[in-house]
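Presented below is the structure to which this report refers.
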Amino acid sequence: MNKYRGQGLLVVISGFSGAGKGTLIKRLIETHGEDYALSVSATTRNPRPGEVDGKDYFFVDKERFQEMIQKDQLLEYARYVDNYYGTPREYVESRMQEGKDVILEIEIQGAMRIKGQYPDAVLIFVTPPSAGELKRRLTGRGTESPEVIRKRLNRAADEAVGVEAYDYILINDDIDHSAELLHKAIQLQHMRTQRKLPFLYEISRELRTLD
Ligand code: 5GP
C-alpha cells in the first residue's frame, strides 16, 4: 500500500438507469485499474442476456438474500423495482484495507446508508446530458420490455430526489472526459484535510525532533 494514500475510500456511483454508469466505471478501471476495486453486488433479479454470475452480480434467490442480511454479510441493501440489491461486506472491507478505492455502483437509498457508515465516502451522481438521451439509451439496450422501461424512467425521475446529498454531479456526455473527471474527484477526496491530518501531525512531530 502507498503509505501516503492510507486505507482505501468508498466511491459510490449512482445515477439514472441508462446514464452510462457501467461504461464509465469500465473506462475508469481500464485507465486507472491499479487504484480501484469494483464491488460485485448480490441481487434477486434475473440475469439479463450476457450477464455473468459473479462478474456482473451474484444472482441469488430471496432466501439466500435474507440469509445474507441476517448474517450481517451486506454493507447495505435496498429494494429497487421489485428486486433486492446489496453490497457484500467482506470483499469491500478487505480491498479497502489493501488501500484500494472500492467502487459501489448502487442506488440512492444504499448510497445514503454508506454515507452514514463511512462519512469520508465520496458520492457521485451520474446523469446523461438530457432526458431524451436517457430514454434512447434505455431503449437501445434492447434488453428490457416497454413496461420495465416505463417503470425505470419513472424511477429515474424519483432518483433525483435526495441527490443534494451527493458530493458531485457528473454529466456524462463524453466517456473519456467523464472517466478522467471521475478519477480526479476521487483523488481529491484523498487530499481532504480530515483524512490527511494524522500524516500532517506526524510531520509536525518529526520537525520538532530534528536538529
Ligand atoms: P440493474 O438492475 O439495472 O442492474 O440495477 C438497478 C439499480 O440497482 C441500479 O440503480 C444499481 O445502481 C442498483 N444497485 C446495484 N447493486 C446494488 C447494491 O448492491 N445496492 C444498492 N443499494 N443498489 C444497487
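In the C-alpha cells, the first chain shown is A, the next is B, and so on; residue numbers restart at 1 for each chain, and ligands run from 1 in the order shown.
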Can you list every residue of segment 60-111 of chain A that has an atom at most 12 Å from segment 119-133 of chain A, with its nearest atom pair and the distance in Å to one decimal, using only C-alpha atoms, ordered by chain then number, as a Markdown table?
| residue | atom | partner | partner_atom | distance |
| --- | --- | --- | --- | --- |
| A:Met96 | CA | A:Ala121 | CA | 11.4 |
| A:Asp101 | CA | A:Ala121 | CA | 9.6 |
| A:Val102 | CA | A:Ala121 | CA | 9.7 |
| A:Ile103 | CA | A:Val122 | CA | 9.7 |
| A:Leu104 | CA | A:Leu123 | CA | 9.6 |
| A:Glu105 | CA | A:Ile124 | CA | 9.8 |
| A:Ile106 | CA | A:Phe125 | CA | 10.2 |
| A:Glu107 | CA | A:Phe125 | CA | 9.5 |
| A:Ile108 | CA | A:Phe125 | CA | 9.0 |
| A:Gly110 | CA | A:Leu123 | CA | 11.0 |
| A:Ala111 | CA | A:Leu123 | CA | 7.3 |
Could you list, as JSON, numbers by chain, all protein and nucleic acid residues with an atom at most 6 Å from ligand 1, counting only C-alpha atoms and all ligand atoms?
{"A": [14, 17, 41, 77, 78, 80, 85, 86, 87, 105, 106, 107, 109, 110]}
Pick from A:Leu24, A:Asn46, A:Leu134, A:Gly116 nearest to Asn154 of chain A, counting only C-alpha atoms:
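Between A:Leu24, A:Asn46, A:Leu134, A:Gly116, the residue approaching Asn154 of chain A most closely is A:Leu134.
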Those of segment 108-185 of chain A in DSSP strand (DSSP E or B), formatted as a PyMOL selection string
chain A and resi 122-127+168-171
If you run DSSP on the backbone here, which positions in segment 2-138 of chain A get helix (DSSP H, G or I)? Please write them as number ranges by chain.
A: 21-35, 62-70, 89-97, 108-117, 131-138
Keeping only N, CA and C atoms, write the selected residues to a file as a compact mmCIF listing (two decimals), in the first residue's frame.
# COMPACT_ATOMS: atom_id res chain seq x y z
N LYS A 21 -23.39 4.57 -16.37
CA LYS A 21 -22.50 4.34 -15.23
C LYS A 21 -21.56 3.16 -15.47
N GLY A 22 -22.14 2.08 -16.01
CA GLY A 22 -21.36 0.87 -16.22
C GLY A 22 -20.17 1.11 -17.14
N THR A 23 -20.44 1.79 -18.26
CA THR A 23 -19.38 2.08 -19.24
C THR A 23 -18.32 2.99 -18.63
N LEU A 24 -18.80 3.94 -17.85
CA LEU A 24 -17.91 4.90 -17.21
C LEU A 24 -16.95 4.20 -16.24
N ILE A 25 -17.51 3.31 -15.44
CA ILE A 25 -16.70 2.59 -14.45
C ILE A 25 -15.70 1.68 -15.17
N LYS A 26 -16.17 1.06 -16.24
CA LYS A 26 -15.30 0.18 -17.02
C LYS A 26 -14.09 0.99 -17.53
N ARG A 27 -14.37 2.17 -18.06
CA ARG A 27 -13.29 3.01 -18.59
C ARG A 27 -12.33 3.46 -17.48
N LEU A 28 -12.88 3.78 -16.32
CA LEU A 28 -12.04 4.20 -15.18
C LEU A 28 -11.09 3.06 -14.82
N ILE A 29 -11.60 1.84 -14.80
CA ILE A 29 -10.77 0.70 -14.41
C ILE A 29 -9.75 0.36 -15.50
N GLU A 30 -10.13 0.55 -16.76
CA GLU A 30 -9.17 0.34 -17.85
C GLU A 30 -8.00 1.32 -17.74
N THR A 31 -8.31 2.56 -17.35
CA THR A 31 -7.25 3.58 -17.38
C THR A 31 -6.50 3.70 -16.04
N HIS A 32 -7.18 3.40 -14.92
CA HIS A 32 -6.52 3.57 -13.60
C HIS A 32 -6.78 2.37 -12.71
N GLY A 33 -6.78 1.19 -13.31
CA GLY A 33 -7.17 -0.03 -12.59
C GLY A 33 -6.39 -0.31 -11.31
N GLU A 34 -5.11 0.16 -11.26
CA GLU A 34 -4.29 -0.17 -10.09
C GLU A 34 -4.83 0.50 -8.81
N ASP A 35 -5.60 1.56 -8.95
CA ASP A 35 -6.11 2.28 -7.77
C ASP A 35 -7.44 1.73 -7.26
N LYS A 62 -34.40 -15.23 -3.09
CA LYS A 62 -34.80 -14.39 -1.95
C LYS A 62 -34.34 -14.97 -0.62
N GLU A 63 -34.37 -16.30 -0.52
CA GLU A 63 -33.98 -16.96 0.74
C GLU A 63 -32.51 -16.67 1.05
N ARG A 64 -31.68 -16.82 0.03
CA ARG A 64 -30.24 -16.58 0.22
C ARG A 64 -30.00 -15.11 0.58
N PHE A 65 -30.75 -14.23 -0.07
CA PHE A 65 -30.57 -12.81 0.20
C PHE A 65 -30.93 -12.52 1.67
N GLN A 66 -32.04 -13.10 2.12
CA GLN A 66 -32.46 -12.93 3.52
C GLN A 66 -31.37 -13.42 4.47
N GLU A 67 -30.78 -14.55 4.12
CA GLU A 67 -29.73 -15.13 4.96
C GLU A 67 -28.53 -14.17 5.05
N MET A 68 -28.19 -13.57 3.90
CA MET A 68 -27.06 -12.63 3.90
C MET A 68 -27.37 -11.43 4.82
N ILE A 69 -28.61 -10.99 4.79
CA ILE A 69 -29.00 -9.87 5.67
C ILE A 69 -28.84 -10.31 7.13
N GLN A 70 -29.40 -11.49 7.44
CA GLN A 70 -29.37 -11.95 8.83
C GLN A 70 -27.96 -12.17 9.36
N ARG A 89 -20.16 -7.37 2.24
CA ARG A 89 -19.28 -6.64 3.14
C ARG A 89 -17.80 -7.06 3.03
N GLU A 90 -17.58 -8.36 3.05
CA GLU A 90 -16.22 -8.91 3.20
C GLU A 90 -15.25 -8.40 2.10
N TYR A 91 -15.70 -8.49 0.85
CA TYR A 91 -14.85 -8.08 -0.27
C TYR A 91 -14.47 -6.60 -0.14
N VAL A 92 -15.48 -5.79 0.14
CA VAL A 92 -15.27 -4.34 0.20
C VAL A 92 -14.28 -3.99 1.30
N GLU A 93 -14.49 -4.56 2.48
CA GLU A 93 -13.63 -4.20 3.61
C GLU A 93 -12.19 -4.66 3.38
N SER A 94 -12.01 -5.85 2.79
CA SER A 94 -10.63 -6.30 2.62
C SER A 94 -9.90 -5.50 1.54
N ARG A 95 -10.60 -5.13 0.46
CA ARG A 95 -9.93 -4.32 -0.57
C ARG A 95 -9.56 -2.94 -0.02
N MET A 96 -10.42 -2.36 0.81
CA MET A 96 -10.11 -1.05 1.39
C MET A 96 -8.85 -1.13 2.26
N GLN A 97 -8.76 -2.23 3.02
CA GLN A 97 -7.57 -2.45 3.87
C GLN A 97 -6.31 -2.49 3.02
N ILE A 108 -29.76 5.21 -4.70
CA ILE A 108 -29.64 6.31 -3.74
C ILE A 108 -29.87 5.92 -2.27
N GLN A 109 -30.80 4.99 -2.02
CA GLN A 109 -31.05 4.61 -0.61
C GLN A 109 -29.78 3.96 -0.04
N GLY A 110 -29.18 3.09 -0.84
CA GLY A 110 -27.94 2.43 -0.41
C GLY A 110 -26.83 3.46 -0.22
N ALA A 111 -26.78 4.45 -1.12
CA ALA A 111 -25.76 5.49 -1.03
C ALA A 111 -25.85 6.23 0.31
N MET A 112 -27.08 6.52 0.72
CA MET A 112 -27.27 7.25 1.99
C MET A 112 -26.81 6.39 3.17
N ARG A 113 -27.05 5.09 3.09
CA ARG A 113 -26.62 4.20 4.18
C ARG A 113 -25.09 4.14 4.25
N ILE A 114 -24.46 4.13 3.09
CA ILE A 114 -23.00 4.10 3.06
C ILE A 114 -22.43 5.38 3.66
N LYS A 115 -23.02 6.51 3.28
CA LYS A 115 -22.53 7.80 3.80
C LYS A 115 -22.66 7.85 5.32
N GLY A 116 -23.73 7.24 5.84
CA GLY A 116 -23.94 7.18 7.29
C GLY A 116 -22.84 6.37 7.98
N GLN A 117 -22.42 5.29 7.36
CA GLN A 117 -21.41 4.41 7.97
C GLN A 117 -19.99 4.88 7.69
N ALA A 131 -32.98 14.17 -20.92
CA ALA A 131 -33.96 13.11 -20.65
C ALA A 131 -34.14 12.23 -21.90
N GLY A 132 -34.16 12.89 -23.07
CA GLY A 132 -34.33 12.14 -24.32
C GLY A 132 -33.20 11.14 -24.53
N GLU A 133 -32.01 11.57 -24.19
CA GLU A 133 -30.83 10.70 -24.33
C GLU A 133 -30.95 9.49 -23.40
N LEU A 134 -31.49 9.72 -22.23
CA LEU A 134 -31.69 8.63 -21.26
C LEU A 134 -32.63 7.57 -21.83
N LYS A 135 -33.75 8.03 -22.39
CA LYS A 135 -34.72 7.09 -22.95
C LYS A 135 -34.09 6.33 -24.12
N ARG A 136 -33.36 7.07 -24.94
CA ARG A 136 -32.72 6.45 -26.10
C ARG A 136 -31.76 5.34 -25.65
N ARG A 137 -30.98 5.61 -24.62
CA ARG A 137 -30.02 4.61 -24.14
C ARG A 137 -30.72 3.39 -23.54
N LEU A 138 -31.79 3.65 -22.80
CA LEU A 138 -32.52 2.53 -22.17
C LEU A 138 -33.17 1.65 -23.23
Judged by only C-alpha atoms, the minimum distance to Thr139 of chain A among A:Leu10, A:Leu153, A:Ala37, A:Leu210 is found for A:Leu153
Check the smallest atom-to-atom distance from each of A:Leu188, A:Val60, A:Val163, A:Leu207 to Thr43 of chain A using only C-alpha atoms, then report the winner.
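For Thr43 of chain A, the nearest of the candidates is A:Val60.
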Neighbours of Phe58 of chain A within 9 Å (only C-alpha atoms; same-chain residues fewer than 5 positions away dropped), as number ranges by chain?
A: 40-44, 52-53
Å distance separating atom CA of Leu38 of chain A from atom CA of Arg150 of chain A, one decimal place
28.9 Å
So, counting only C-alpha atoms, which residue among A:Ala19, A:Tyr57, A:Leu9, A:Val148 is closest to Gln187 of chain A?
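Of all the options, A:Leu9 lies closest to Gln187 of chain A.
Counting from atom CA of Gly20 of chain A, the distance to atom CA of Asp173 of chain A is 9.3 Å.
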In Å, how far is it from atom CA of Asp82 of chain A to atom CA of Gly50 of chain A?
21.2 Å
Have a look at A:Asp167, A:Ala160, A:Tyr4, A:Ile149 and name the one nearest to Gly18 of chain A; count only C-alpha atoms.
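Checking each of A:Asp167, A:Ala160, A:Tyr4, A:Ile149 against Gly18 of chain A, counting only C-alpha atoms, the winner is A:Ile149.
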